[in-house]
Amino acid sequence: MSLLIKKISLYAILVICTIIMMFPIGYAFLISFLSGAELLQGKWWPTTWSIKNYVIAFEKVPLGRYLWNSFVVSFIVMVGQLVVSSLAAFAFVFLRFPGRDLLFFLTILTMLIPWEATVIPNYLTVQSFGWTNNYLGLTIPFFASAFGIFLLRQHFKTIPFELYESAQVSGMKHFRFFWYVVLPLSKTSLATLGVYSFLTTWNMYLWPLLVTNDESVRTVQIGLKQMQTQEMATEWGVVMAAVMIIILPTLILIFIGQKQLQKGLMQGAIK
Amino acid sequence: MPHTVKRVIEGGMYILPSLLLFSIFVFYPMIRTLYLSMHMTDFQGNPTTYVGFEHFVYLFEDRNFKESMKATFLFVIYTVPPTVIISLCLALLANEKLRGIQLFRTFFSSTLGMSVAASSVIWMFMYNPAVGVINKILIALGGEERQWLLNPDTALAAVAAATVWMNIGFAFLILLGGLQNIDSTLYESAEIIGMSRLYQLWRITLPLLSPTLFFVITVSLIHAFQTFGQIDILTKGGPMNTTTVLVYSIYREAFVNYNFGFASAQAIVLFFIVLIVTIVQFTFAERKVHYQ
C-alpha cells in the first residue's frame with residue numbers, strides 16, 4: 001500500500017515539474033493561435049485553431065528563406081565538424097609521430113579561450129576575407145572543434161589497437177583503415193557529434209548577428225529578433241507562430257536523440 | 001630518418017585542417033585581441049597608437065565597466081546555483097525506475113533544444129506588463145502590475161529566471177547521465193544494511209556524482225560569463241545599465257561604438273575570468289572530487 005502511495009506521489013511530482021518546465025513552450029503554442037484583438041481582451045485559450053498567424057509569419061518576414069539559411073549553415077557546420085574532428089581524432093589515437101603530443105596540447109589549449117573573447121578580430125578577419133553576408137563566414141570558423149575531437153577521440157580509443165596492428169601487417173593504408181574500419185565502428189559517436197553540432201549551430205546568435213546584414217544568408221534566430229523588434233505590441237500571435245516554427249526542428253532532434261546525446265556529451269565532457 | 005619525416009607528414013595531414021582553423025580563428029584572434037587592447041583603433045579596427053595598459057587602467061576607473069562587472073557577477077550568482085540545484089532535483093526524480101520515465105526525461109531536457117532567441121522572445125511576452133502571463137497571475141493573486149524588464153530592481157533577476165529555465169535542459173541531461181553511471185549494486189547493499197534513502201543520497205549519490213556535478217558547475221559558470229543573446233533581446237543592457245553583462249558590454253563597445261581597443265581590453269578580462277574558472281576546475285577537481 002505504502003509503495004503504491006509512493007509511486008503515485010512520485011508521478012504527481014513528475015507531472016507538476018513537467019507542467020512547470022514545459023509551460024513557456026505550451027504557452028507560446030497557445031498564443032500562436034490568438035489574434036491581436038483576442039490577446040488584448042486577455043484571452044489565452046484559442047477559440048478557433050486557425051493557422052492564420054503561421055501564414056502571416058511567412059508573409060511578414062522571409063521566414064522560409066531564413067529557415068533555409070539556418071538549415072544550410074547548420075548542415076555545413078555539421079559535416080565540416082564531422083570531417084575535421086574525425087581526421088584529427090584518428091591521428092591522435094592511431095598515428096604515432098613526433099610532435100603529436102604538442103598538437104594535442106594545442107587542441108586542449110583552445111578550450112581555454114572563450115569564443116566571445118576572440119570575436120572582435122574574428123569579425124575583422126571574416127570581413128577582410130569578404131565573407132560577411134556569406135555562408136562561408138557563418139560556417140568555416142566553426143569547423144574545428146576541440147569538443148568534437150575529444151568526443152571522437154574517446155570513442156576511437158575503445159577500438160582495439162590490435163585491429164590497427166593487423167591492418168598494418170596486411171599493408172592497409174591508414175586512410176583506408178580510417179574510412180572502412182574506424183568510421184563504421186563509430187557511427188553512434190559521429191551521430192551524437194552531428195546532432196550536437198547541428199543543434200548548436202541552429203541556435204547560434206551572436207555570430208550571425210554580426211556577420212549577416214541582409215536576408216540572403218541571415219539565419220532564423222536573427223530573423224526572429226528582427227521580427228520581434230518590428231512587431232512588438234500588436235502581433236504577438238504572429239511572433240509566437242514564428243517561435244514555434246523555429247523551435248520545431250531542434251525539439252524534434254532532442255526528442256529523438258535525447259538518450260544518445262546524453263551518452264555522447266558525457267563521453268566528450270567527463271572522461 | 002626519412003621514415004620519421006614521412007610519419008610526421010602523414011600525421012600532420014590529418015591534423016592540418018584543425019590546426020589551420022584553430023590558428024586562424026582561435027590563436028591568432030586571441031593574440032590580436034591582446035594586441036588591440038593596447039592600442040587606439042580607427043573605425044575599421046586598425047590599430048593607430050600604442051597606449052600600453054591605459055585601457056586597463058581606465059577600465060577600473062570607468063563607472064560603466066564597474067556596473068558591468070557587478071551585473072555580470074550578480075547574473076552568475078542568480079543563474080548558476082538555481083540551475084544546478086533545480087537540475088539536480090529533476091535528475092534525481094528522473095532517475096527513479098518508473099514506467100514511462102523516459103518521457104519525463106525527454107521533457108526535462110527539452111530546453112536544450114530551445115535557442116536563446118526563441119526562449120527570450122517567449123519570456124519577453126510572459127513578462128509583458130499588459131498581456132503577459134506573469135502579471136496576470138500576480139494580479140489574480142492580489143499583487144500589482146510590474147514592469148519586470150524596465151524596472152532596474154527586477155530586470156536582471158527577470159533575465160536570470162529566463163536563463164535558468166533555458167539552461168536546465170543541458171545541466172539536467174549531464175547530471176542524469178552521472179546518476180546513471182553510479183553502480184546500482186551500491187544501492188542494493190545500502191538497502192540490505194538498512195540505510196535510509198536520505199542517507200544513501202548523502203553517502204553514495206552525492207560523493208559519486210561529484211565529478212559530474214563539478215563539471216556541470218564549471219560549464220554553467222563559464223556559460224554564464226558568456227551570456228549575450230537574452231540580454232540583447234530582453235533588455236539591451238538596460239534599464240540604467242543594470243543588465244549590461246560583460247559580453248554585452250564588449251559587443252556594444254566594439255560594434256556599436258566602434259571602440260575596438262577598449263572593447264578588446266574587456267575581452268581580455270573575459271578571457272582571464274574564464275581561465276581562472278577553468279584552472280580552478282582542473283586543480284580542485286583532481287584533489288577534492290571523488291572519482292570512480
# chains A, B, ... in the order shown; residues from 1 in each chain; ligands from 1
>>> interface_residues(of="chain A", to="chain B", cutoff="7 Å", atoms="only C-alpha atoms", output="JSON, numbers by chain")
{"A": [18, 21, 24, 28, 39, 40, 42, 84, 87, 88, 91, 95, 97, 98, 110, 112, 113, 114, 116, 117, 118, 121, 122, 141, 144, 199, 203, 205, 206, 221, 225, 243, 247, 250, 251, 254, 255, 258, 262, 263, 266]}
>>> residues_around(residues="Asn133 of chain A", least_positions_apart="3", cutoff="12 Å", atoms="only C-alpha atoms", output="PyMOL selection string")
chain A and resi 69+123+126-127+129-130+136-139+207-219
>>> atom_distance(atom1="atom CA of Met227 of chain A", atom2="atom CA of Val239 of chain A")
6.9 Å
>>> residues_around(residues="Gln81 of chain A", least_positions_apart="3", cutoff="7 Å", atoms="only C-alpha atoms", output="PyMOL selection string")
chain A and resi 77-78+84-85+143-145
>>> residues_around(residues="Pro82 of chain B", least_positions_apart="2", cutoff="10 Å", atoms="only C-alpha atoms", output="PyMOL selection string")
chain B and resi 77-80+84-88+160-161+164-165+168
>>> write_last_selection(atoms="C-alpha atoms", output="compact mmCIF listing (two decimals), in the first residue's frame")
# COMPACT_ATOMS: atom_id res chain seq x y z
CA ILE B 77 25.03 34.21 -8.76
CA TYR B 78 21.39 34.47 -9.87
CA THR B 79 21.71 31.80 -12.54
CA VAL B 80 24.30 29.14 -11.67
CA VAL B 84 22.40 23.36 -10.74
CA ILE B 85 20.09 22.78 -7.77
CA ILE B 86 16.90 22.55 -9.84
CA SER B 87 18.58 20.32 -12.42
CA LEU B 88 19.93 18.05 -9.69
CA ALA B 160 18.25 35.39 -14.89
CA ALA B 161 14.99 33.50 -14.30
CA VAL B 164 17.80 29.34 -15.57
CA TRP B 165 14.91 27.84 -17.49
CA ILE B 168 18.13 23.41 -17.10
>>> atom_distance(atom1="atom CA of Ala12 of chain A", atom2="atom CA of Ala91 of chain B")
15.6 Å
>>> closest_residue(among="A:Gly237, A:Pro184, A:Gly171, A:Gly80", to="Tyr27 of chain A", atoms="only C-alpha atoms")
A:Gly237
